[in-house]
Amino acid sequence: MGKAAKVRLETCFVFLMFVLGVIITVTSWGYGFGSLRRPGPGLYPVFIGVMICIFTLFILVSTLKTKSSKPVLDGQGVKKLVFMAATFCLWIAAMPLLGYVVVTFLATYAFCKIMALEGWWKPLAVSGGTTLFIYLLFDYWLYVDFPRGLLG
Amino acid sequence: MEGFGLLYNGFVNSLTMVNLFACFIGALIGTIVGVLPGLGPTATMALMLPFTLTYGATTGLIMMTGVWYGAMYGGSTTSILVNIPGEAASVVTCLDGYQMSKKGRAGAALALVAVGSFIAGTLGIIGLQFFAPFLGNAALSFGPPEFLSFMILAFVLLSNLSGDAPLKGALMIAFGLFLSSIGINPMDSYPRFTFGSDTLMQGIDFLPIAMGLFGISEILNIALQTYVKPEVNKIRLKELYPNRAEIKRSVAPTLRGSILGFFVGLLPGPCTVISTFVSYSLEKRMSKKPEEFGHGAVEGVVAPESANNSAVMGSMIPLLTLGIPFAAPSAIMLAGLRMHNVEPGPMLFTNNPDVFWTFIAAMYLGNIMLLILNLPLVGLFGKIAVIRPQILMPVISLICLVGVYSVRNSFFDVWVMIAAGVVGFFLLKWKYPIAPFIIGVVLGPTTENSLRQTLMTFKGDLSLIFNRRLSVTLLALAVAFLAYKFLSPYFGKKFALKVEPNDKL
């Protein structure tokens, strides 16, 4: 990700926060501002929304002025981040179908490979150990009710 | 004398197998977390919250505090041995600690730090034991206007003392306050920002946000860094004896660091980190040989390490007496106590005195445990420091996922954690402080209640606040601080207490 992209990404974030501030203010007003004597449910979030708008406006101005020298992520970093986030998401999505034992094992293996743990037996050992640890701690000891899935 | 009777009861309560075990586990895990670069005490405490649910509030509090100050103990190990701070509060220790290590005095440095941390921890507990009930009683007279003013002052200080840009800190607080307002408002049972979702009616739970911001974001950060294997100096038990000159030079800095750290702990923000910087500069100014600092001065190692341990205890005071956390780890503790239906604050000493006194007694025991753990096992902790992130991070990732799910059996919470983690990763990169965010989330409901109750009490006439001396004083302090902050550049002064925990020295 280049310098321009970095600036754009942070600026986009601050701009989105500004939009969020506006949405919070408008939506909260709809809940009923009440009065200072009899505050309604919208009074407090209206204040918060206005504060978010003010702060983001100032930050937006300073972000546009600032020239950053370091990119947040390079191409390889973006790829790694996407794979990591996807593994987190797949753990949730596949859990009801495959059950927690299988998805935990597979997710740990995936994380090991994304983080470039070399070979196949080391990732397998880490995955097996993690799954066993989670089974013993959460299932056997703390009685957490996990989805068992088709294989459960 | 009543205090000693209560403390005696606290010792009786804490000397149960469960509490002793919780204390030991907390201290051990805290030390390991302190040793390991990356995962800090806040994320670990959030991670451990689900485990505390099986036991009582006191056991949970003991375990989490054990993690926090265990991390302070352990953080110094990697700073001294490998020049890598285990957590932010040990960054300063690298300066002289690693230099001592290069001179072959690593064992002495570690021993002095362990003993210094023990003394500081003990002095901090004594301070907490005497100040907290006194302040708790004083806080009984606080009404909603006082709480509101106190929170405004805390938010002003917090946004200014965290990170490099006060506006970013303020934005983070505001965003945290907004997140806490999602769901049914308990004051008038009105659903806000739920958009018809039943899940959002209950609000967004604190735990997944904390785990995402402090755990997942850090995992992503470490995963995207290039790993360089550190070289660890081997330490033998017989090398742990400091010489007479080193002992003599470390006595006064330990005591100064302990006292200074305790009072810095009362400030909002990353108090443990700030205490180390302030303590280091104080020692350098007081030293007859300031040129030795940065080249292995023992004062530069023991003073900051003592300060961060007593700062932990100092920061427990606003949490336990007012129910207002000033730092991210104490925000986690507040959330943990609430999960056990214990509300810290002025009433804690009336409604749950056993929680407070058992906690105090367990801290004394925990401090001794940490000293016993840290001295003989320093070689082992040094080895833990070199576990590769390729092995460690997948394991921690899965524990985070399963840990968050296990609290409410909710996949929604896991989604929230992942989203918070990804957002937190970018916030870290753009230097937005995360602690104010999480404190905003925790203090949101109290802030709203205080605001609305104040307005209703004053019947909308805010000028009546001038009749409340304490409120006016607190608000005046906030205004004075802001005025100083804005005007100081015009008078050629810079505010010194600005700390960026992620900065490398």
# chains A, B, ... in the order shown; residues from 1 in each chain; ligands from 1
call {"tool": "select_by_dssp", "arguments": {"residues": "range 7-113 of chain A", "states": "helix (DSSP H, G or I)", "output": "ChimeraX atom specification"}}
result
/A:7-32,43-65,75-98,100-113
call {"tool": "residues_around", "arguments": {"residues": "Ile465 in chain B", "least_positions_apart": "3", "cutoff": "10 Å", "atoms": "only C-alpha atoms", "output": "list of chain:residue names"}}
result
B:Pro145, B:Glu146, B:Ser149, B:Thr454, B:Leu455, B:Phe458, B:Asp461, B:Leu462, B:Arg468, B:Arg469, B:Leu470, B:Ser471, B:Val472, B:Leu475
call {"tool": "write_last_selection", "arguments": {"atoms": "C-alpha atoms", "output": "compact mmCIF listing (two decimals), in the first residue's frame"}}
result
# COMPACT_ATOMS: atom_id res chain seq x y z
CA PRO B 145 -22.93 16.25 39.91
CA GLU B 146 -19.68 15.27 41.65
CA SER B 149 -17.51 16.46 37.17
CA THR B 454 -27.62 16.01 37.56
CA LEU B 455 -29.91 17.72 35.04
CA PHE B 458 -30.90 20.93 39.04
CA ASP B 461 -30.48 24.99 35.66
CA LEU B 462 -26.80 24.13 35.26
CA ARG B 468 -21.36 22.30 44.71
CA ARG B 469 -17.83 23.11 45.78
CA LEU B 470 -16.25 19.81 44.82
CA SER B 471 -17.86 19.78 41.38
CA VAL B 472 -16.72 23.32 40.69
CA LEU B 475 -14.41 21.28 36.58
call {"tool": "interface_residues", "arguments": {"of": "chain A", "to": "chain B", "cutoff": "8 Å", "atoms": "only C-alpha atoms", "output": "PyMOL selection string"}}
result
chain A and resi 10+27-28+31+35-39+41+44-45+48-49+51-52+55-56+58-59+72+77+80-81+84-85+88-89+92+104+107-109+111-112+115-117+126-127+130+134+138+142+144-146
call {"tool": "write_last_selection", "arguments": {"atoms": "C-alpha atoms", "output": "PDB file, in the first residue's frame"}}
result
ATOM      1  CA  GLU A  10      -6.912   7.032   7.283  1.00  0.00           C
ATOM      2  CA  THR A  27     -30.945   9.345  15.008  1.00  0.00           C
ATOM      3  CA  SER A  28     -30.663  10.367  18.664  1.00  0.00           C
ATOM      4  CA  TYR A  31     -35.392   9.295  20.077  1.00  0.00           C
ATOM      5  CA  SER A  35     -35.265  19.259  27.675  1.00  0.00           C
ATOM      6  CA  LEU A  36     -32.528  20.021  30.168  1.00  0.00           C
ATOM      7  CA  ARG A  37     -35.204  19.841  32.885  1.00  0.00           C
ATOM      8  CA  ARG A  38     -36.597  16.500  31.660  1.00  0.00           C
ATOM      9  CA  PRO A  39     -33.915  14.812  29.538  1.00  0.00           C
ATOM     10  CA  PRO A  41     -33.435   9.124  25.821  1.00  0.00           C
ATOM     11  CA  TYR A  44     -26.978  11.961  25.884  1.00  0.00           C
ATOM     12  CA  PRO A  45     -26.278  10.373  22.477  1.00  0.00           C
ATOM     13  CA  ILE A  48     -21.869  12.276  21.924  1.00  0.00           C
ATOM     14  CA  GLY A  49     -22.746  12.569  18.226  1.00  0.00           C
ATOM     15  CA  MET A  51     -18.663  15.649  20.019  1.00  0.00           C
ATOM     16  CA  ILE A  52     -17.690  12.986  17.470  1.00  0.00           C
ATOM     17  CA  PHE A  55     -13.393  15.981  16.959  1.00  0.00           C
ATOM     18  CA  THR A  56     -13.398  14.277  13.545  1.00  0.00           C
ATOM     19  CA  PHE A  58     -10.397  18.799  13.478  1.00  0.00           C
ATOM     20  CA  ILE A  59      -8.664  15.442  12.929  1.00  0.00           C
ATOM     21  CA  VAL A  72       0.692   0.922   7.007  1.00  0.00           C
ATOM     22  CA  GLY A  77       0.966  -7.533   4.644  1.00  0.00           C
ATOM     23  CA  LYS A  80      -1.614 -11.847   5.347  1.00  0.00           C
ATOM     24  CA  LEU A  81      -4.157  -9.625   7.068  1.00  0.00           C
ATOM     25  CA  MET A  84      -5.930 -13.999   9.038  1.00  0.00           C
ATOM     26  CA  ALA A  85      -9.304 -12.213   9.093  1.00  0.00           C
ATOM     27  CA  PHE A  88     -11.245 -15.940  12.025  1.00  0.00           C
ATOM     28  CA  CYS A  89     -14.486 -15.595  10.040  1.00  0.00           C
ATOM     29  CA  ILE A  92     -17.358 -18.922  13.132  1.00  0.00           C
ATOM     30  CA  THR A 104     -10.408 -25.355  15.912  1.00  0.00           C
ATOM     31  CA  ALA A 107      -8.097 -22.873  12.038  1.00  0.00           C
ATOM     32  CA  THR A 108      -4.958 -23.389  14.145  1.00  0.00           C
ATOM     33  CA  TYR A 109      -3.313 -25.190  11.225  1.00  0.00           C
ATOM     34  CA  PHE A 111      -2.914 -19.717  11.290  1.00  0.00           C
ATOM     35  CA  CYS A 112       0.371 -21.645  11.553  1.00  0.00           C
ATOM     36  CA  MET A 115       2.414 -17.182   9.852  1.00  0.00           C
ATOM     37  CA  ALA A 116       4.871 -19.311   7.866  1.00  0.00           C
ATOM     38  CA  LEU A 117       5.521 -22.083  10.383  1.00  0.00           C
ATOM     39  CA  VAL A 126       0.538 -27.125  17.385  1.00  0.00           C
ATOM     40  CA  SER A 127      -2.994 -27.666  16.029  1.00  0.00           C
ATOM     41  CA  THR A 130      -4.241 -26.421  20.913  1.00  0.00           C
ATOM     42  CA  ILE A 134      -9.230 -26.152  24.400  1.00  0.00           C
ATOM     43  CA  PHE A 138     -13.405 -25.272  28.025  1.00  0.00           C
ATOM     44  CA  LEU A 142     -15.692 -25.389  32.250  1.00  0.00           C
ATOM     45  CA  VAL A 144     -18.951 -24.777  27.750  1.00  0.00           C
ATOM     46  CA  ASP A 145     -21.700 -25.828  25.355  1.00  0.00           C
ATOM     47  CA  PHE A 146     -20.047 -25.794  21.925  1.00  0.00           C
TER      48      PHE A 146
END
call {"tool": "atom_distance", "arguments": {"atom1": "CA of Leu255 in chain B", "atom2": "CA of Gly379 in chain B"}}
result
27.0 Å
call {"tool": "closest_residue", "arguments": {"among": "A:Ala125, A:Val46, A:Leu137, A:Met17", "to": "Gly30 in chain A", "atoms": "only C-alpha atoms"}}
result
A:Val46
call {"tool": "atom_distance", "arguments": {"atom1": "CA of Gly40 in chain B", "atom2": "CA of Met151 in chain B"}}
result
26.0 Å
call {"tool": "residues_around", "arguments": {"residues": "Leu57 in chain A", "least_positions_apart": "3", "cutoff": "12 Å", "atoms": "only C-alpha atoms", "output": "PyMOL selection string"}}
result
(chain A and resi 11+13-19+21-22+50-54+60-64) or (chain B and resi 167-168+171)
call {"tool": "write_last_selection", "arguments": {"atoms": "N, CA and C atoms", "output": "compact mmCIF listing (two decimals), in the first residue's frame"}}
result
# COMPACT_ATOMS: atom_id res chain seq x y z
N THR A 11 -7.81 8.91 6.06
CA THR A 11 -8.76 9.99 5.82
C THR A 11 -10.17 9.43 5.67
N PHE A 13 -11.30 6.72 6.98
CA PHE A 13 -11.75 6.29 8.31
C PHE A 13 -12.29 7.49 9.10
N VAL A 14 -11.53 8.58 9.08
CA VAL A 14 -11.95 9.77 9.85
C VAL A 14 -13.24 10.33 9.25
N PHE A 15 -13.32 10.32 7.92
CA PHE A 15 -14.53 10.82 7.28
C PHE A 15 -15.73 9.95 7.65
N LEU A 16 -15.51 8.62 7.66
CA LEU A 16 -16.59 7.70 8.05
C LEU A 16 -17.03 7.96 9.49
N MET A 17 -16.06 8.26 10.35
CA MET A 17 -16.38 8.57 11.74
C MET A 17 -17.22 9.85 11.82
N PHE A 18 -16.90 10.80 10.94
CA PHE A 18 -17.67 12.04 10.90
C PHE A 18 -19.11 11.75 10.50
N VAL A 19 -19.24 10.92 9.45
CA VAL A 19 -20.59 10.54 8.98
C VAL A 19 -21.34 9.82 10.11
N GLY A 21 -20.89 10.23 13.26
CA GLY A 21 -21.27 11.26 14.23
C GLY A 21 -22.56 11.95 13.83
N VAL A 22 -22.67 12.26 12.52
CA VAL A 22 -23.89 12.91 12.02
C VAL A 22 -25.09 11.97 12.19
N VAL A 50 -22.52 14.97 18.53
CA VAL A 50 -21.97 16.30 18.23
C VAL A 50 -20.46 16.31 18.53
N MET A 51 -20.10 15.70 19.66
CA MET A 51 -18.66 15.65 20.02
C MET A 51 -17.87 14.91 18.95
N ILE A 52 -18.40 13.77 18.50
CA ILE A 52 -17.69 12.99 17.47
C ILE A 52 -17.51 13.83 16.21
N CYS A 53 -18.57 14.57 15.82
CA CYS A 53 -18.48 15.41 14.62
C CYS A 53 -17.38 16.47 14.78
N ILE A 54 -17.37 17.12 15.94
CA ILE A 54 -16.38 18.20 16.16
C ILE A 54 -14.96 17.63 16.13
N LEU A 60 -9.72 15.49 10.75
CA LEU A 60 -9.75 15.42 9.28
C LEU A 60 -8.84 16.50 8.68
N VAL A 61 -8.94 17.69 9.22
CA VAL A 61 -8.11 18.80 8.72
C VAL A 61 -6.62 18.47 8.92
N SER A 62 -6.30 17.99 10.14
CA SER A 62 -4.87 17.70 10.40
C SER A 62 -4.39 16.49 9.60
N THR A 63 -5.27 15.50 9.35
CA THR A 63 -4.88 14.33 8.54
C THR A 63 -4.58 14.74 7.11
N LEU A 64 -5.41 15.66 6.59
CA LEU A 64 -5.19 16.10 5.21
C LEU A 64 -3.88 16.88 5.08
N LEU B 167 -6.81 15.08 20.54
CA LEU B 167 -8.10 14.97 19.85
C LEU B 167 -8.42 13.52 19.49
N LYS B 168 -7.36 12.77 19.17
CA LYS B 168 -7.58 11.36 18.85
C LYS B 168 -8.05 10.62 20.11
N LEU B 171 -11.64 11.57 20.69
CA LEU B 171 -12.53 10.87 19.75
C LEU B 171 -12.75 9.42 20.20
call {"tool": "atom_distance", "arguments": {"atom1": "CA of Asn351 in chain B", "atom2": "CA of Pro329 in chain B"}}
result
23.7 Å
call {"tool": "residues_around", "arguments": {"residues": "Leu371 in chain B", "least_positions_apart": "4", "cutoff": "7 Å", "atoms": "only C-alpha atoms", "output": "count of residues only"}}
result
5
call {"tool": "select_by_dssp", "arguments": {"residues": "range 35-194 of chain B", "states": "strand (DSSP E or B)", "output": "ChimeraX atom specification"}}
result
/B:162,183-185,190-192
call {"tool": "residues_around", "arguments": {"residues": "range 283-296 of chain B", "least_positions_apart": "4", "cutoff": "8 Å", "atoms": "only C-alpha atoms", "output": "list in words"}}
result
Leu95, Asp96, Gly97, Tyr98, Gln99, Met100, Lys103, Pro253, Ser279, Gly300 and Ala303 of chain B
call {"tool": "residues_around", "arguments": {"residues": "Ala435 in chain B", "least_positions_apart": "6", "cutoff": "8 Å", "atoms": "only C-alpha atoms", "output": "CSV table (one decimal) with N, CA and C atoms, in the first residue's frame"}}
result
chain,number,residue,atom,x,y,z
B,162,SER,N,-2.9,10.1,27.0
B,162,SER,CA,-2.7,8.9,26.2
B,162,SER,C,-2.4,9.2,24.7
B,269,GLY,N,-5.0,7.4,32.5
B,269,GLY,CA,-4.1,7.1,31.4
B,269,GLY,C,-3.3,5.9,31.7
B,270,PRO,N,-2.3,5.7,30.8
B,270,PRO,CA,-1.4,4.6,31.0
B,270,PRO,C,-0.4,4.8,32.2
B,327,ALA,N,-7.3,3.3,34.0
B,327,ALA,CA,-6.4,2.7,33.0
B,327,ALA,C,-7.2,1.5,32.4
B,328,ALA,N,-6.7,1.0,31.3
B,328,ALA,CA,-7.4,-0.1,30.6
B,328,ALA,C,-7.5,-1.4,31.4
call {"tool": "closest_residue", "arguments": {"among": "B:Leu319, B:Leu7, B:Leu477, B:Leu487", "to": "Ile126 in chain B", "atoms": "only C-alpha atoms"}}
result
B:Leu7
call {"tool": "decode", "arguments": {"residues": "range 70-170 of chain B", "atoms": "C-alpha atoms", "output": "compact mmCIF listing (two decimals), in the first residue's frame"}}
result
# COMPACT_ATOMS: atom_id res chain seq x y z
CA GLY B 70 2.86 -10.21 37.50
CA ALA B 71 3.24 -8.64 34.04
CA MET B 72 5.03 -5.70 35.64
CA TYR B 73 7.48 -8.15 37.26
CA GLY B 74 7.94 -10.25 34.13
CA GLY B 75 8.23 -7.32 31.72
CA SER B 76 11.64 -6.44 33.08
CA THR B 77 13.11 -9.90 32.33
CA THR B 78 13.15 -9.54 28.54
CA SER B 79 14.10 -5.87 28.78
CA ILE B 80 17.24 -6.83 30.71
CA LEU B 81 18.10 -10.10 28.97
CA VAL B 82 17.23 -9.43 25.33
CA ASN B 83 16.64 -5.66 25.07
CA ILE B 84 13.00 -6.29 24.09
CA PRO B 85 10.38 -4.88 26.46
CA GLY B 86 7.83 -7.56 27.38
CA GLU B 87 5.23 -4.82 27.75
CA ALA B 88 5.05 -1.03 27.46
CA ALA B 89 5.86 -0.33 31.12
CA SER B 90 9.26 -2.02 30.72
CA VAL B 91 10.46 0.03 27.74
CA VAL B 92 12.53 2.32 29.96
CA THR B 93 14.16 -0.67 31.68
CA CYS B 94 15.84 -1.60 28.37
CA LEU B 95 17.98 1.54 28.51
CA ASP B 96 20.12 0.57 31.46
CA GLY B 97 18.98 -3.01 32.06
CA TYR B 98 20.41 -4.33 28.81
CA GLN B 99 23.60 -2.35 29.34
CA MET B 100 23.98 -4.03 32.74
CA SER B 101 23.39 -7.35 31.02
CA LYS B 102 26.16 -6.60 28.49
CA LYS B 103 28.49 -5.90 31.40
CA GLY B 104 27.71 -9.33 32.86
CA ARG B 105 25.45 -7.91 35.61
CA ALA B 106 22.13 -9.26 34.24
CA GLY B 107 21.66 -11.53 37.26
CA ALA B 108 22.21 -8.67 39.68
CA ALA B 109 19.85 -6.41 37.70
CA LEU B 110 17.11 -9.07 37.71
CA ALA B 111 17.52 -9.73 41.42
CA LEU B 112 17.43 -6.04 42.32
CA VAL B 113 14.38 -5.52 40.12
CA ALA B 114 12.59 -8.49 41.71
CA VAL B 115 13.32 -7.26 45.24
CA GLY B 116 12.55 -3.65 44.27
CA SER B 117 9.26 -4.70 42.69
CA PHE B 118 8.42 -6.66 45.84
CA ILE B 119 9.11 -3.64 48.07
CA ALA B 120 7.20 -1.32 45.74
CA GLY B 121 4.27 -3.74 45.52
CA THR B 122 4.15 -4.07 49.31
CA LEU B 123 4.35 -0.29 49.86
CA GLY B 124 1.67 0.14 47.20
CA ILE B 125 -0.62 -2.33 48.96
CA ILE B 126 -0.06 -0.54 52.29
CA GLY B 127 -0.96 2.75 50.57
CA LEU B 128 -4.05 1.18 49.01
CA GLN B 129 -5.05 -0.36 52.33
CA PHE B 130 -4.93 2.99 54.14
CA PHE B 131 -6.11 5.43 51.47
CA ALA B 132 -8.90 3.44 49.83
CA PRO B 133 -11.30 3.11 52.82
CA PHE B 134 -10.66 6.75 53.75
CA LEU B 135 -11.43 7.99 50.22
CA GLY B 136 -14.32 5.54 49.96
CA ASN B 137 -15.93 7.11 53.04
CA ALA B 138 -15.32 10.59 51.65
CA ALA B 139 -16.88 9.54 48.35
CA LEU B 140 -20.10 8.52 50.12
CA SER B 141 -21.09 12.19 50.08
CA PHE B 142 -20.65 12.34 46.29
CA GLY B 143 -23.82 12.99 44.33
CA PRO B 144 -24.40 12.75 40.56
CA PRO B 145 -22.93 16.25 39.91
CA GLU B 146 -19.68 15.27 41.65
CA PHE B 147 -19.46 12.01 39.72
CA LEU B 148 -20.18 13.83 36.46
CA SER B 149 -17.51 16.46 37.17
CA PHE B 150 -15.04 13.77 38.17
CA MET B 151 -15.64 11.92 34.93
CA ILE B 152 -15.28 15.08 32.85
CA LEU B 153 -11.91 15.72 34.55
CA ALA B 154 -10.88 12.10 34.01
CA PHE B 155 -11.80 12.24 30.31
CA VAL B 156 -9.88 15.50 29.82
CA LEU B 157 -6.76 14.08 31.48
CA LEU B 158 -7.13 10.71 29.78
CA SER B 159 -7.36 12.14 26.27
CA ASN B 160 -4.30 14.30 26.92
CA LEU B 161 -2.10 11.74 28.61
CA SER B 162 -2.73 8.87 26.16
CA GLY B 163 -1.15 8.86 22.75
CA ASP B 164 0.36 11.73 20.80
CA ALA B 165 -2.76 13.67 19.85
CA PRO B 166 -5.34 14.71 22.47
CA LEU B 167 -8.10 14.97 19.85
CA LYS B 168 -7.58 11.36 18.85
CA GLY B 169 -7.88 10.35 22.51
CA ALA B 170 -11.03 12.46 22.87
